[in-house]
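To start, the structure itself, in structure tokens.
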Amino acid sequence: MYAARDISLDVSRGLIIALMALDHVRIFFSAAQFDPVDLDQTTAGYFLTRWVTHLCAPGFFFIVGLGAWLIGRKHGRLKLAGFLALRGLWLVVLEFALFGFAWSFHPGWTWFGVIWGLGAGMILLSVLLLVPRPALLAGAALFILLHNAFSIPSGGALAQILYTGGWAQLPLFGGEVILYPILPWAALMMLGYAIGPWLMPAGQSAAKPLAFAGAIALLLFVLVRLAGYGQSPGGGFEGQPDLGWTILSFLNVQKYPPSLQFALVTLGLLLLFQAWTAGRQAVTGPLSLLATYGRVPFFFYAFHLFLIHGAALLVAWLLGWPISYLFWTGEGPNLVPPEGFGFVLVGVWLTWLAVLVVLYPACRWFGKVKSGSGHIWLRFL
């Protein structure tokens, strides 16, 4: 007998989805002409608004791994491998065929973003299912723990796709930004899959193992951050003139590619959050809203990009902002708005809440369609 759907996993996915929307609203609506995690230019509000969204990407990859464990537990590794390979290929195709346009509103514009990274990770996991779970767990954990200890040459498209990321000249594609190289992100997915039986015995989130794993991850983060290990050169912690900015500096970890410090602090917080919601048969209030989004993560992703980008274009036209900024025609994204464009931070937050409100009815409707249908193709949405 198999367990019912895990509400805490839906809530955790919903939190990730909601925070992701905040980051994307910030990209298309913010007036800030600086990197929000550049401590020499940012404000505490902008820093924390960007920093909290760091939980999204590692959460996506880790929870995909947990979800794969649940599917494999129910249907077996052979069916799981086929599902992961097909869905991974589907995501990679959509990244370049559809989502590049959603980001840029420019036909033919592409980049190697999070959907590409998730798809590539699923394909890799479908192959690595042949590896015994203990060996897969050991390999993923060792990669995450040790990869910052080695100097990986950044030259060459293959090295950039697999590990370093950045701008690369690729056959067939030309110049592309590789935001999500395969191995550092896929390792988080492998970890989620391999540790699934311990965190989710009987197919349900277990509060004590989740809380223990989250606490250990955060403790390790503090230790390695203080020791200066697990971050790229020049990315360490530096004391600041006052306590507040010192705390922000301590939290300012490297995301691209994800450092050990980044993985520990983000996954630690997410595991504690999932532990807090574990064991609940039902949720109400804000947690219920998050669960609704978390039941349809791909549906939300696909629609929220077009909604946010389209709304930004409409608002820019109505308010007289420079519209050209919203059309990405170069090899990378537009991240520094021109003078006269965008809202201050409060406006960004209000726009984010409006996006969540607008998308809620559609997510609730599709969640009911998806749960009430046995069609396998709905799993791809």
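As shown in the structure tokens, the chain order sets the letters A, B, ...; within each chain, residues go from 1, and ligands are also counted from 1 in the order they appear.
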
>> Give me, as a list in words, all polymer residues having an atom no more than 6 Å from Gly342 in chain A, counting only C-alpha atoms and skipping those fewer than 6 positions away in the same chain.
In response: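 The filter keeps Phe29, Ser30 and Ala31 of chain A.
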
>> Neighbouring residues of Ala157 in chain A were defined as those with any atom within 9 Å, considering only C-alpha atoms; residues of the same chain fewer than 6 positions away were excluded. Please report them as a ChimeraX atom specification.
In response: /A:165,167-170

For range 144-243 of chain A versus range 97-108 of chain A, which residues have an atom no more than 12 Å away, and what is each residue's nearest atom pair and distance in Å rounded to one decimal, using only C-alpha atoms, chain-then-number order, as JSON lines?
```
{"residue": "A:Phe173", "atom": "CA", "partner": "A:Gly108", "partner_atom": "CA", "distance": 10.0}
{"residue": "A:Gly174", "atom": "CA", "partner": "A:Gly108", "partner_atom": "CA", "distance": 11.6}
{"residue": "A:Glu176", "atom": "CA", "partner": "A:Gly100", "partner_atom": "CA", "distance": 11.4}
{"residue": "A:Val177", "atom": "CA", "partner": "A:Gly100", "partner_atom": "CA", "distance": 11.5}
```

Give me a file of those residues, with N, CA and C atoms, as a PDB file, in the first residue's frame.
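Output saved as selection-v7.pdb:
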```pdb
ATOM      1  N   PHE A 173      24.616  26.680 -31.544  1.00  0.00           N
ATOM      2  CA  PHE A 173      23.973  27.739 -30.761  1.00  0.00           C
ATOM      3  C   PHE A 173      24.640  29.099 -30.930  1.00  0.00           C
ATOM      4  N   GLY A 174      25.951  29.114 -31.117  1.00  0.00           N
ATOM      5  CA  GLY A 174      26.690  30.370 -31.094  1.00  0.00           C
ATOM      6  C   GLY A 174      27.008  30.782 -29.670  1.00  0.00           C
ATOM      7  N   GLU A 176      26.344  31.766 -26.025  1.00  0.00           N
ATOM      8  CA  GLU A 176      25.239  31.515 -25.096  1.00  0.00           C
ATOM      9  C   GLU A 176      25.706  31.706 -23.654  1.00  0.00           C
ATOM     10  N   VAL A 177      24.774  32.109 -22.796  1.00  0.00           N
ATOM     11  CA  VAL A 177      25.020  32.163 -21.363  1.00  0.00           C
ATOM     12  C   VAL A 177      24.587  30.831 -20.750  1.00  0.00           C
TER      13      VAL A 177
END
```

> Near Ser288 in chain A, counting only C-alpha atoms, which residues have an atom at most 12 Å away, once you skip same-chain residues fewer than 2 positions from it, shown as a list in words?
Replying inline: Ile7, Ser8, Asp10, Val11, Ser12, Arg13, Gly14, Leu15, Thr277, Arg280, Gln281, Ala282, Val283, Thr284, Gly285, Pro286, Leu290, Ala291, Thr292, Tyr293, Gly294, Arg295, Tyr360 and Arg364 of chain A

Next, write the just-selected residues to a file, as a JSON list (two decimals), in the first residue's frame, keeping C-alpha atoms as the atom set.
```json
[["chain", "number", "residue", "atom", "x", "y", "z"],
["A", 7, "ILE", "CA", 1.20, 17.77, 1.56],
["A", 8, "SER", "CA", 4.47, 19.00, 3.07],
["A", 10, "ASP", "CA", 3.61, 20.42, -2.03],
["A", 11, "VAL", "CA", 3.98, 23.23, 0.50],
["A", 12, "SER", "CA", 7.76, 23.22, 0.12],
["A", 13, "ARG", "CA", 7.45, 23.32, -3.67],
["A", 14, "GLY", "CA", 4.91, 26.11, -3.33],
["A", 15, "LEU", "CA", 7.28, 28.18, -1.21],
["A", 277, "THR", "CA", 5.15, 21.10, 7.75],
["A", 280, "ARG", "CA", 0.14, 17.44, 8.49],
["A", 281, "GLN", "CA", -2.93, 15.88, 6.92],
["A", 282, "ALA", "CA", -4.22, 19.27, 5.78],
["A", 283, "VAL", "CA", -3.04, 22.87, 5.71],
["A", 284, "THR", "CA", -4.90, 26.16, 5.92],
["A", 285, "GLY", "CA", -4.20, 29.84, 5.35],
["A", 286, "PRO", "CA", -0.93, 30.79, 3.63],
["A", 290, "LEU", "CA", 1.55, 27.46, -1.15],
["A", 291, "ALA", "CA", 0.30, 23.88, -1.48],
["A", 292, "THR", "CA", -1.90, 24.94, -4.40],
["A", 293, "TYR", "CA", 1.09, 26.41, -6.24],
["A", 294, "GLY", "CA", 3.26, 23.45, -5.30],
["A", 295, "ARG", "CA", 0.91, 20.90, -6.86],
["A", 360, "TYR", "CA", -3.97, 31.34, -7.88],
["A", 364, "ARG", "CA", -6.23, 25.73, -8.28]]
```

> When distances are computed from only C-alpha atoms, which of A:Phe143, A:Trp352, A:Phe47, A:Phe306 shows the smallest separation from Leu19 in chain A?
Replying inline: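 Distance minimum relative to Leu19 in chain A lands on A:Trp352.
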
> Skipping near chain neighbours, those fewer than 5 positions away, what residues fall within 8 Å of Ile144 in chain A using only C-alpha atoms, listed as a list in words?
Replying inline: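 Once the nearby chain positions are removed, what remains is Pro184, Ala187, Leu188, Ser259, Leu260 and Ala263 of chain A.
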
> Could you pull the residues within 12 Å of Trp90 in chain A, counting only C-alpha atoms, minus those fewer than 3 positions along the same chain, as number ranges by chain?
Replying inline: A: 83-87, 93-98, 115-116, 118-120, 122-123, 298, 377, 379-381

Include C-alpha atoms and write out the residues we just selected as a compact mmCIF listing (two decimals), in the first residue's frame.
```txt
# COMPACT_ATOMS: atom_id res chain seq x y z
CA PHE A 83 9.90 8.91 -17.12
CA LEU A 84 12.95 10.94 -16.12
CA ALA A 85 14.56 10.61 -19.55
CA LEU A 86 11.41 11.66 -21.40
CA ARG A 87 10.53 14.51 -19.06
CA VAL A 93 13.32 21.22 -25.72
CA LEU A 94 10.94 23.67 -24.05
CA GLU A 95 13.82 25.73 -22.66
CA PHE A 96 15.09 26.49 -26.14
CA ALA A 97 11.79 26.40 -28.05
CA LEU A 98 9.56 28.39 -25.70
CA ILE A 115 14.59 24.49 -17.05
CA TRP A 116 17.55 23.30 -19.10
CA LEU A 118 16.49 20.45 -14.50
CA GLY A 119 16.00 18.60 -17.77
CA ALA A 120 19.67 17.73 -18.11
CA MET A 122 16.76 14.31 -14.99
CA ILE A 123 18.37 12.72 -18.03
CA PHE A 298 5.58 23.51 -14.13
CA TRP A 377 0.90 13.29 -20.16
CA ARG A 379 2.73 14.45 -15.35
CA PHE A 380 4.77 16.44 -17.86
CA LEU A 381 2.88 19.61 -16.88
```

> Per DSSP on the backbone, what are the strand (DSSP E) residues of range 30-218 of chain A, as a VMD selection string?
Replying inline: chain A and resid 166 to 170 174 to 178

Among range 248-348 of chain A, which residues does DSSP mark as helix (DSSP H, G or I) when it is run on the backbone? Keep the chain and numbering as in the structure and answer as an mmCIF file with N, CA and C atoms, in the first residue's frame.
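Written file, out.cif:
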```
data_model
loop_
_atom_site.group_PDB
_atom_site.id
_atom_site.type_symbol
_atom_site.label_atom_id
_atom_site.label_comp_id
_atom_site.auth_asym_id
_atom_site.auth_seq_id
_atom_site.Cartn_x
_atom_site.Cartn_y
_atom_site.Cartn_z
ATOM 1 N N LEU A 248 24.983 40.360 6.677
ATOM 2 C CA LEU A 248 24.710 40.239 5.246
ATOM 3 C C LEU A 248 25.935 39.688 4.508
ATOM 4 N N SER A 249 27.115 40.133 4.895
ATOM 5 C CA SER A 249 28.325 39.610 4.281
ATOM 6 C C SER A 249 28.483 38.126 4.556
ATOM 7 N N PHE A 250 28.120 37.708 5.749
ATOM 8 C CA PHE A 250 28.219 36.292 6.114
ATOM 9 C C PHE A 250 27.274 35.446 5.264
ATOM 10 N N LEU A 251 26.135 36.011 4.900
ATOM 11 C CA LEU A 251 25.146 35.285 4.105
ATOM 12 C C LEU A 251 25.419 35.352 2.604
ATOM 13 N N LEU A 260 29.597 24.978 -2.095
ATOM 14 C CA LEU A 260 29.225 24.174 -0.930
ATOM 15 C C LEU A 260 28.493 25.034 0.086
ATOM 16 N N GLN A 261 29.006 26.229 0.359
ATOM 17 C CA GLN A 261 28.361 27.112 1.327
ATOM 18 C C GLN A 261 26.940 27.445 0.908
ATOM 19 N N PHE A 262 26.746 27.737 -0.358
ATOM 20 C CA PHE A 262 25.418 28.041 -0.891
ATOM 21 C C PHE A 262 24.480 26.855 -0.699
ATOM 22 N N ALA A 263 24.950 25.662 -1.034
ATOM 23 C CA ALA A 263 24.118 24.466 -0.916
ATOM 24 C C ALA A 263 23.736 24.198 0.536
ATOM 25 N N LEU A 264 24.686 24.355 1.452
ATOM 26 C CA LEU A 264 24.418 24.051 2.856
ATOM 27 C C LEU A 264 23.382 24.991 3.459
ATOM 28 N N VAL A 265 23.523 26.291 3.229
ATOM 29 C CA VAL A 265 22.608 27.232 3.881
ATOM 30 C C VAL A 265 21.217 27.168 3.263
ATOM 31 N N THR A 266 21.122 27.021 1.956
ATOM 32 C CA THR A 266 19.806 26.998 1.321
ATOM 33 C C THR A 266 19.073 25.688 1.603
ATOM 34 N N LEU A 267 19.748 24.563 1.415
ATOM 35 C CA LEU A 267 19.093 23.282 1.686
ATOM 36 C C LEU A 267 18.797 23.123 3.181
ATOM 37 N N GLY A 268 19.666 23.638 4.032
ATOM 38 C CA GLY A 268 19.408 23.567 5.464
ATOM 39 C C GLY A 268 18.107 24.252 5.837
ATOM 40 N N LEU A 269 17.899 25.455 5.315
ATOM 41 C CA LEU A 269 16.669 26.182 5.609
ATOM 42 C C LEU A 269 15.446 25.476 5.026
ATOM 43 N N LEU A 270 15.566 24.964 3.816
ATOM 44 C CA LEU A 270 14.437 24.278 3.193
ATOM 45 C C LEU A 270 14.070 23.001 3.934
ATOM 46 N N LEU A 271 15.077 22.266 4.387
ATOM 47 C CA LEU A 271 14.807 21.034 5.132
ATOM 48 C C LEU A 271 14.096 21.336 6.451
ATOM 49 N N LEU A 272 14.501 22.403 7.116
ATOM 50 C CA LEU A 272 13.814 22.786 8.353
ATOM 51 C C LEU A 272 12.369 23.202 8.081
ATOM 52 N N PHE A 273 12.160 23.901 6.978
ATOM 53 C CA PHE A 273 10.794 24.293 6.622
ATOM 54 C C PHE A 273 9.940 23.064 6.335
ATOM 55 N N GLN A 274 10.489 22.117 5.588
ATOM 56 C CA GLN A 274 9.725 20.907 5.289
ATOM 57 C C GLN A 274 9.473 20.093 6.554
ATOM 58 N N ALA A 275 10.433 20.088 7.461
ATOM 59 C CA ALA A 275 10.228 19.390 8.739
ATOM 60 C C ALA A 275 9.085 20.023 9.521
ATOM 61 N N TRP A 276 8.982 21.340 9.474
ATOM 62 C CA TRP A 276 7.922 22.054 10.182
ATOM 63 C C TRP A 276 6.541 21.691 9.650
ATOM 64 N N THR A 277 6.447 21.424 8.342
ATOM 65 C CA THR A 277 5.146 21.098 7.748
ATOM 66 C C THR A 277 4.902 19.592 7.674
ATOM 67 N N GLY A 285 -4.817 28.520 5.431
ATOM 68 C CA GLY A 285 -4.198 29.838 5.350
ATOM 69 C C GLY A 285 -3.112 29.910 4.303
ATOM 70 N N PRO A 286 -2.023 30.640 4.597
ATOM 71 C CA PRO A 286 -0.934 30.789 3.626
ATOM 72 C C PRO A 286 -0.331 29.454 3.178
ATOM 73 N N LEU A 287 -0.275 28.468 4.078
ATOM 74 C CA LEU A 287 0.281 27.177 3.692
ATOM 75 C C LEU A 287 -0.599 26.491 2.654
ATOM 76 N N SER A 288 -1.893 26.696 2.740
ATOM 77 C CA SER A 288 -2.794 26.146 1.735
ATOM 78 C C SER A 288 -2.561 26.779 0.373
ATOM 79 N N LEU A 289 -2.313 28.080 0.373
ATOM 80 C CA LEU A 289 -1.998 28.763 -0.885
ATOM 81 C C LEU A 289 -0.719 28.199 -1.489
ATOM 82 N N LEU A 290 0.293 28.015 -0.649
ATOM 83 C CA LEU A 290 1.555 27.461 -1.151
ATOM 84 C C LEU A 290 1.354 26.051 -1.698
ATOM 85 N N ALA A 291 0.552 25.248 -1.019
ATOM 86 C CA ALA A 291 0.303 23.883 -1.482
ATOM 87 C C ALA A 291 -0.357 23.890 -2.860
ATOM 88 N N THR A 292 -1.243 24.847 -3.096
ATOM 89 C CA THR A 292 -1.900 24.945 -4.402
ATOM 90 C C THR A 292 -0.881 25.209 -5.504
ATOM 91 N N TYR A 293 0.042 26.150 -5.259
ATOM 92 C CA TYR A 293 1.087 26.410 -6.243
ATOM 93 C C TYR A 293 2.009 25.199 -6.391
ATOM 94 N N GLY A 294 2.301 24.545 -5.282
ATOM 95 C CA GLY A 294 3.259 23.451 -5.302
ATOM 96 C C GLY A 294 2.760 22.202 -5.987
ATOM 97 N N PRO A 297 3.821 22.904 -10.239
ATOM 98 C CA PRO A 297 4.982 23.795 -10.383
ATOM 99 C C PRO A 297 5.319 24.151 -11.818
ATOM 100 N N PHE A 298 5.238 23.196 -12.736
ATOM 101 C CA PHE A 298 5.578 23.505 -14.126
ATOM 102 C C PHE A 298 4.523 24.419 -14.740
ATOM 103 N N PHE A 299 3.262 24.155 -14.455
ATOM 104 C CA PHE A 299 2.174 25.001 -14.938
ATOM 105 C C PHE A 299 2.391 26.434 -14.481
ATOM 106 N N PHE A 300 2.712 26.608 -13.201
ATOM 107 C CA PHE A 300 2.970 27.943 -12.658
ATOM 108 C C PHE A 300 4.143 28.587 -13.387
ATOM 109 N N TYR A 301 5.236 27.838 -13.546
ATOM 110 C CA TYR A 301 6.431 28.396 -14.174
ATOM 111 C C TYR A 301 6.113 28.914 -15.570
ATOM 112 N N ALA A 302 5.445 28.064 -16.361
ATOM 113 C CA ALA A 302 5.181 28.435 -17.749
ATOM 114 C C ALA A 302 4.349 29.706 -17.845
ATOM 115 N N PHE A 303 3.314 29.811 -17.025
ATOM 116 C CA PHE A 303 2.422 30.958 -17.125
ATOM 117 C C PHE A 303 2.988 32.201 -16.450
ATOM 118 N N HIS A 304 3.745 32.019 -15.376
ATOM 119 C CA HIS A 304 4.179 33.213 -14.648
ATOM 120 C C HIS A 304 5.186 34.019 -15.448
ATOM 121 N N LEU A 305 6.003 33.362 -16.266
ATOM 122 C CA LEU A 305 6.974 34.105 -17.070
ATOM 123 C C LEU A 305 6.284 35.025 -18.068
ATOM 124 N N PHE A 306 5.313 34.478 -18.795
ATOM 125 C CA PHE A 306 4.591 35.299 -19.772
ATOM 126 C C PHE A 306 3.779 36.389 -19.072
ATOM 127 N N LEU A 307 3.189 36.044 -17.925
ATOM 128 C CA LEU A 307 2.399 37.036 -17.191
ATOM 129 C C LEU A 307 3.274 38.187 -16.705
ATOM 130 N N ILE A 308 4.389 37.877 -16.052
ATOM 131 C CA ILE A 308 5.249 38.923 -15.503
ATOM 132 C C ILE A 308 5.854 39.776 -16.608
ATOM 133 N N HIS A 309 6.383 39.130 -17.630
ATOM 134 C CA HIS A 309 7.022 39.885 -18.715
ATOM 135 C C HIS A 309 5.984 40.716 -19.473
ATOM 136 N N GLY A 310 4.822 40.112 -19.747
ATOM 137 C CA GLY A 310 3.771 40.856 -20.434
ATOM 138 C C GLY A 310 3.248 42.014 -19.600
ATOM 139 N N ALA A 311 3.071 41.794 -18.298
ATOM 140 C CA ALA A 311 2.612 42.876 -17.425
ATOM 141 C C ALA A 311 3.634 44.001 -17.370
ATOM 142 N N ALA A 312 4.927 43.639 -17.340
ATOM 143 C CA ALA A 312 5.973 44.671 -17.331
ATOM 144 C C ALA A 312 5.911 45.516 -18.594
ATOM 145 N N LEU A 313 5.669 44.873 -19.719
ATOM 146 C CA LEU A 313 5.573 45.610 -20.987
ATOM 147 C C LEU A 313 4.369 46.551 -20.975
ATOM 148 N N LEU A 314 3.248 46.081 -20.454
ATOM 149 C CA LEU A 314 2.051 46.927 -20.380
ATOM 150 C C LEU A 314 2.271 48.106 -19.439
ATOM 151 N N VAL A 315 2.827 47.842 -18.256
ATOM 152 C CA VAL A 315 3.072 48.917 -17.284
ATOM 153 C C VAL A 315 4.081 49.919 -17.840
ATOM 154 N N ALA A 316 5.114 49.419 -18.510
ATOM 155 C CA ALA A 316 6.111 50.313 -19.100
ATOM 156 C C ALA A 316 5.472 51.238 -20.133
ATOM 157 N N TRP A 317 4.587 50.691 -20.933
ATOM 158 C CA TRP A 317 3.898 51.506 -21.946
ATOM 159 C C TRP A 317 2.994 52.547 -21.283
ATOM 160 N N LEU A 318 2.278 52.139 -20.231
ATOM 161 C CA LEU A 318 1.361 53.055 -19.562
ATOM 162 C C LEU A 318 2.086 54.162 -18.809
ATOM 163 N N LEU A 319 3.224 53.827 -18.199
ATOM 164 C CA LEU A 319 3.939 54.789 -17.361
ATOM 165 C C LEU A 319 5.088 55.485 -18.087
ATOM 166 N N ILE A 323 10.788 51.011 -23.052
ATOM 167 C CA ILE A 323 10.279 49.682 -23.363
ATOM 168 C C ILE A 323 11.357 48.772 -23.921
ATOM 169 N N SER A 324 12.344 49.328 -24.591
ATOM 170 C CA SER A 324 13.361 48.495 -25.235
ATOM 171 C C SER A 324 14.093 47.594 -24.237
ATOM 172 N N TYR A 325 14.155 48.003 -22.986
ATOM 173 C CA TYR A 325 14.838 47.203 -21.958
ATOM 174 C C TYR A 325 14.213 45.826 -21.810
ATOM 175 N N LEU A 326 12.922 45.714 -22.114
ATOM 176 C CA LEU A 326 12.198 44.469 -21.909
ATOM 177 C C LEU A 326 12.349 43.492 -23.075
ATOM 178 N N LEU A 345 11.507 49.297 -4.348
ATOM 179 C CA LEU A 345 11.368 47.940 -3.824
ATOM 180 C C LEU A 345 9.944 47.621 -3.364
ATOM 181 N N VAL A 346 9.277 48.565 -2.729
ATOM 182 C CA VAL A 346 7.906 48.318 -2.278
ATOM 183 C C VAL A 346 7.002 47.996 -3.469
ATOM 184 N N GLY A 347 7.202 48.693 -4.567
ATOM 185 C CA GLY A 347 6.426 48.417 -5.771
ATOM 186 C C GLY A 347 6.690 47.023 -6.314
ATOM 187 N N VAL A 348 7.927 46.567 -6.201
ATOM 188 C CA VAL A 348 8.271 45.211 -6.626
ATOM 189 C C VAL A 348 7.516 44.190 -5.778
#
```

>> At a cut-off of 6 Å, using only C-alpha atoms, what residues contact Leu199 in chain A? Leave out same-chain residues fewer than 2 positions from it and give the result as number ranges by chain.
In response: A: 196-197, 206, 209-210

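When only C-alpha atoms are used to compute distances to Leu145 in chain A, the closest of the residues A:Leu220, A:Leu172, A:Val357, A:Met200 turns out to be A:Leu220.
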
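You will find CA of Ala44 in chain A at 11.8 Å from CA of Asn252 in chain A.
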
>> When you look at range 132-140 of chain A with a cut-off of 12 Å (counting only C-alpha atoms), what residues show up, excluding the ones that are within fewer than 4 positions of it in the same chain? I need them as a list of chain:residue names.
In response: A:Phe62, A:Gly65, A:Trp69, A:Arg77, A:Leu124, A:Leu125, A:Val127, A:Leu128, A:Ile144, A:Leu145, A:Leu146, A:His147, A:Leu183, A:Pro184, A:Trp185, A:Ala186, A:Ala187, A:Leu188, A:Met189, A:Met190, A:Leu191, A:Gly192, A:Tyr193, A:Ala194, A:Ile195, A:Gly196, A:Pro197, A:Trp198, A:Leu260

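Distance-wise, CA of Tyr256 in chain A and CA of Leu129 in chain A end up 26.6 Å apart.
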
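Atom to atom, CA of Phe343 in chain A and CA of Ile17 in chain A stand 22.1 Å apart.
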
> Which residue out of A:Gln41, A:Leu89, A:Gly72, A:Met20 has the minimum interatomic distance to Gly59 in chain A when only C-alpha atoms are used?
Replying inline: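 Smallest distance to Gly59 in chain A is found for A:Met20.
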